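> Okay, handing you the structure first.
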Amino acid sequence: MTLTSFNPIPHYTVSSGDLPRVAVLATGGTIAGSAPDATRTAGYQAGALGVQDLLAAVPALGSVAHIHAEQVAQIDSKDMSVALWQKLAARVNALLSQPDVAGAVITHGTDTLEETAYYLHLTVNSRKPVVLTAAMRPATALSADGPLNLLNAVRVATDPISAGRGVMVAINNQIHCARDVIKTSTYKVDAFQSPEIGVLGWVQDERVAFQRAPLQYHTVESEFVGLSGELPAVEVVSSYAGVSRIAVDALVEAGVQGIVVAGTGNGSLHALLQQALAEAVQRGVTVVRSARVGSGHVMRNGAAPDDQYGFVSAGNLHPFKARVLLMLALQAGVPSERMQSVFDEY
């Protein structure tokens, strides 16, 4: 079977038919950014370059894979939308269902990469590798990091040992699990880390190596594969010194179906905020308690009486990833009595 056409653009190919075929889907971001001069690493235009420019900057790809390229979007990832998540998932699933496609690589901005990666981790229906990559410096910068990240992502996507590991992020020579990775710096090239759990593996030159595999459900094991339609409204609030209940009350009145709260410490909540969230649960809103700390896990019934108030613990999920899982769980109709199990299993 040959690849179907989708938003056709000039695409990069290689002469050898023996190489694996990889789909590269571009969405914009810093990796496709352009600045007025090579010394600028801030104040650039994200997503200015097309996928053909990204591929042309990495001629070594010609010895790694046969590339089919598509420009799915051309945005700054701060403007990522749920609709684009769904479009990406549908396109990745369609491409990976074709026998001659070995894997998929998605170029993405760094700001929301971890959210997109986790959404795909839960909605891609294939064991074939899906690898997101990005850059902290625009393509026009001195020592731009995007070209090597792209090359390494394609190498990971073509390696048979990458299969069955869910959606991954290949950046700065490291391979991260979509569930665990977060952006930890506004400017460092090694901005992406997997706190507590650690990286899945690494990629350097022609070598791809893994040290572990994800244990939580993902991709073909996920009950959220194949969902369609609009995702329920879920918002994120935070607990902090002097917090009021204004945001929670406004969200409940606006009709949100879920609220993720980024608590202090072990997900602890200011008494005023805790009361507002408990009342939200009474009105049918699902409340997930996470932590704003950046690492560690939120112990159920540890820093708040979850059983008493009907809260769900996010475990070690970052607040914004907890939002992704909650949206999908609500869309799938997961009942409240099973919601904690879902957060434990995914």
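Identifiers for the structure tokens are assigned positionally: chains receive A, B, ... in sequence, residues are indexed from 1 per chain, and ligands are indexed from 1 in the order shown.
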Just want the 6 Å neighbourhood of range 229-238 of chain A, counted on only C-alpha atoms, with same-chain residues fewer than 2 positions away dropped. Output as JSON, numbers by chain.
{"A": [256, 257, 258, 259, 260, 261, 262, 263, 327, 331]}
> Emit the selected residues as an mmCIF file, in the first residue's frame, including N, CA, C and O atoms.

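Writing the result to result29.cif gives the following:
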data_model
loop_
_atom_site.group_PDB
_atom_site.id
_atom_site.type_symbol
_atom_site.label_atom_id
_atom_site.label_comp_id
_atom_site.auth_asym_id
_atom_site.auth_seq_id
_atom_site.Cartn_x
_atom_site.Cartn_y
_atom_site.Cartn_z
ATOM 1 N N VAL A 256 -17.875 23.816 33.648
ATOM 2 C CA VAL A 256 -16.789 22.859 33.407
ATOM 3 C C VAL A 256 -17.154 21.509 34.008
ATOM 4 O O VAL A 256 -17.874 21.414 34.999
ATOM 5 N N GLN A 257 -16.625 20.458 33.403
ATOM 6 C CA GLN A 257 -16.896 19.106 33.898
ATOM 7 C C GLN A 257 -15.789 18.582 34.798
ATOM 8 O O GLN A 257 -15.990 17.599 35.517
ATOM 9 N N GLY A 258 -14.626 19.228 34.727
ATOM 10 C CA GLY A 258 -13.531 18.782 35.562
ATOM 11 C C GLY A 258 -12.616 19.924 35.930
ATOM 12 O O GLY A 258 -12.487 20.898 35.185
ATOM 13 N N ILE A 259 -11.972 19.799 37.091
ATOM 14 C CA ILE A 259 -10.976 20.766 37.545
ATOM 15 C C ILE A 259 -9.778 19.997 38.072
ATOM 16 O O ILE A 259 -9.921 19.081 38.888
ATOM 17 N N VAL A 260 -8.599 20.353 37.581
ATOM 18 C CA VAL A 260 -7.346 19.841 38.132
ATOM 19 C C VAL A 260 -6.762 20.947 38.991
ATOM 20 O O VAL A 260 -6.610 22.078 38.531
ATOM 21 N N VAL A 261 -6.431 20.622 40.233
ATOM 22 C CA VAL A 261 -5.850 21.625 41.114
ATOM 23 C C VAL A 261 -4.390 21.269 41.353
ATOM 24 O O VAL A 261 -4.059 20.146 41.709
ATOM 25 N N ALA A 262 -3.515 22.245 41.108
ATOM 26 C CA ALA A 262 -2.091 22.084 41.385
ATOM 27 C C ALA A 262 -1.853 22.559 42.810
ATOM 28 O O ALA A 262 -1.757 23.758 43.077
ATOM 29 N N GLY A 263 -1.790 21.619 43.731
ATOM 30 C CA GLY A 263 -1.659 21.951 45.138
ATOM 31 C C GLY A 263 -0.221 22.205 45.538
ATOM 32 O O GLY A 263 0.720 21.904 44.812
ATOM 33 N N MET A 327 -9.762 14.823 30.704
ATOM 34 C CA MET A 327 -10.622 15.118 29.557
ATOM 35 C C MET A 327 -11.011 13.838 28.817
ATOM 36 O O MET A 327 -12.176 13.627 28.469
ATOM 37 N N GLN A 331 -14.661 12.082 28.556
ATOM 38 C CA GLN A 331 -15.225 11.840 27.232
ATOM 39 C C GLN A 331 -15.626 10.377 27.063
ATOM 40 O O GLN A 331 -16.642 10.070 26.434
#
> Find the residue from A:His121, A:Arg212, A:His68, A:Arg179 that sits nearest to Asp100 in chain A; use only C-alpha atoms when measuring.
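Closest residue, counting only C-alpha atoms: A:His68.
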> Extract, using only C-alpha atoms, all DNA, RNA and protein residues at most 7 Å from range 189-198 of chain A, discarding same-chain residues fewer than 6 positions from it, and format them as a PDB file with C-alpha atoms, in the first residue's frame.

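Resulting contents of out_2.pdb:
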ATOM      1  CA  MET A 136      15.180  25.295  22.186  1.00  0.00           C
ATOM      2  CA  ASN A 172      19.151  16.474  23.374  1.00  0.00           C
ATOM      3  CA  HIS A 176      11.718  10.321  27.146  1.00  0.00           C
ATOM      4  CA  ASP A 180       6.893  11.484  32.252  1.00  0.00           C
ATOM      5  CA  VAL A 181       8.662  14.255  30.349  1.00  0.00           C
ATOM      6  CA  ILE A 182       8.259  17.926  31.274  1.00  0.00           C
ATOM      7  CA  LYS A 183       9.914  21.155  30.216  1.00  0.00           C
ATOM      8  CA  SER A 295       8.315  15.990  40.852  1.00  0.00           C
ATOM      9  CA  GLY A 296       7.145  13.386  43.321  1.00  0.00           C
TER      10      GLY A 296
END
> Point out the residue among A:Pro99, A:Gly33, A:Pro20, A:Gly333 with the least atom-to-atom distance to Val64 in chain A, counting only C-alpha atoms.
A:Pro20
> From the options A:Ala38, A:Val92, A:Leu122, A:Val248, which residue's atoms come nearest to Val342 in chain A, counting only C-alpha atoms?
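Ranked by minimum distance to Val342 in chain A, first place goes to A:Leu122.
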> Taking the DSSP secondary structure from the backbone, can you list the residues of range 62-149 of chain A that are strand (DSSP E), as a PyMOL selection string?
chain A and resi 66-75+103-107+130-133
> With only C-alpha atoms as the basis for distance, which of A:Glu223, A:Gln71, A:Asp37, A:Glu206 is at the shortest distance from Lys87 in chain A?
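Residue with the minimum atom-to-atom distance to Lys87 in chain A: A:Gln71.
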> Out of A:Ala213, A:Gly255, A:Glu337, A:His108, which residue has the shortest atom-to-atom distance to Asp307 in chain A when counting only C-alpha atoms?
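Closest residue, counting only C-alpha atoms: A:Glu337.
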> Pick out each residue of range 55-227 of chain A that DSSP on the backbone tags as alpha helix (DSSP H); I need them as an NGL selection string.
:A and (55-56 or 82-96 or 113-123 or 146-158)
> Nearest to Ala90 in chain A among A:Leu273, A:Leu227, A:Leu328, A:Val208, with distances taken over only C-alpha atoms: which residue is it?
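Looking only at the distances to Ala90 in chain A, the closest residue turns out to be A:Leu227.
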> If you count only C-alpha atoms, which residues fall within 12 Å of Ala209 in chain A, apart from same-chain ones fewer than 5 positions away, as a tab-separated table (two decimals) with C-alpha atoms, in the first residue's frame?

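New file result_30.tsv:
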chain	number	residue	atom	x	y	z
A	152	ASN	CA	17.87	11.47	16.17
A	155	ARG	CA	16.69	7.22	14.02
A	156	VAL	CA	14.56	6.30	17.02
A	159	ASP	CA	14.81	1.30	15.11
A	160	PRO	CA	12.81	-1.91	15.73
A	161	ILE	CA	13.60	-1.80	19.45
A	162	SER	CA	11.53	1.39	19.74
A	170	ALA	CA	13.68	12.49	21.44
A	173	ASN	CA	20.28	12.86	22.76
A	174	GLN	CA	17.76	11.53	25.27
A	175	ILE	CA	14.58	9.52	24.77
A	176	HIS	CA	11.72	10.32	27.15
A	199	VAL	CA	14.65	8.79	30.69
A	200	LEU	CA	13.66	5.76	28.64
A	201	GLY	CA	17.01	5.68	26.88
A	202	TRP	CA	19.36	7.58	24.65
A	203	VAL	CA	20.34	8.08	21.03
A	204	GLN	CA	23.79	9.02	19.75
> Between CA of Ala104 in chain A and CA of Ala23 in chain A, measure the distance and give it in Å to one decimal.
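A separation of 4.7 Å between them.
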> Between CA of Leu132 in chain A and CA of Gly166 in chain A, what is the spacing in Å?
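We find that CA of Gly166 in chain A and CA of Leu132 in chain A lie 11.3 Å from each other.
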> Need the shell around Thr286 in chain A: protein/DNA/RNA residues with any atom at most 8 Å away, counting only C-alpha atoms. Skip same-chain ones fewer than 2 positions apart. Format as a ChimeraX atom specification?
/A:257-259,280-281,284,288,311-312,336
> Dump N, CA, C and O atoms for the selected residues as a short mmCIF file (atom, residue, chain, number, x, y, z; two decimals), in the first residue's frame?

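Final file, selection01.cif:
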data_model
loop_
_atom_site.label_atom_id
_atom_site.label_comp_id
_atom_site.auth_asym_id
_atom_site.auth_seq_id
_atom_site.Cartn_x
_atom_site.Cartn_y
_atom_site.Cartn_z
N GLN A 257 -16.62 20.46 33.40
CA GLN A 257 -16.90 19.11 33.90
C GLN A 257 -15.79 18.58 34.80
O GLN A 257 -15.99 17.60 35.52
N GLY A 258 -14.63 19.23 34.73
CA GLY A 258 -13.53 18.78 35.56
C GLY A 258 -12.62 19.92 35.93
O GLY A 258 -12.49 20.90 35.18
N ILE A 259 -11.97 19.80 37.09
CA ILE A 259 -10.98 20.77 37.54
C ILE A 259 -9.78 20.00 38.07
O ILE A 259 -9.92 19.08 38.89
N ALA A 280 -17.71 21.88 44.58
CA ALA A 280 -17.75 21.61 43.14
C ALA A 280 -18.05 20.14 42.87
O ALA A 280 -18.82 19.80 41.96
N VAL A 281 -17.44 19.25 43.65
CA VAL A 281 -17.72 17.82 43.49
C VAL A 281 -19.20 17.53 43.74
O VAL A 281 -19.83 16.75 43.02
N GLY A 284 -21.26 17.91 40.77
CA GLY A 284 -21.01 17.03 39.63
C GLY A 284 -19.71 17.25 38.90
O GLY A 284 -19.49 16.66 37.83
N VAL A 288 -9.45 16.66 40.41
CA VAL A 288 -8.22 15.88 40.51
C VAL A 288 -7.18 16.72 41.22
O VAL A 288 -6.90 17.86 40.84
N PHE A 311 -12.33 13.61 45.97
CA PHE A 311 -11.25 14.02 45.08
C PHE A 311 -10.54 12.80 44.50
O PHE A 311 -10.57 11.71 45.06
N VAL A 312 -9.85 13.01 43.38
CA VAL A 312 -9.03 11.99 42.74
C VAL A 312 -7.57 12.44 42.85
O VAL A 312 -7.26 13.61 42.62
N SER A 336 -17.46 7.98 38.20
CA SER A 336 -16.67 8.60 39.27
C SER A 336 -16.01 7.56 40.17
O SER A 336 -14.89 7.75 40.63
#
> Find the residues around Ala139 in chain A up to 6 Å (only C-alpha atoms counted), leave out those fewer than 2 positions away in its own chain, and share them as a ChimeraX atom specification.
/A:31-33,141,144
> Report the distance between CA of Leu269 in chain A and CA of Gly294 in chain A in Å, rounded to one decimal place.
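Taking CA of Leu269 in chain A and CA of Gly294 in chain A, their separation equals 16.1 Å.
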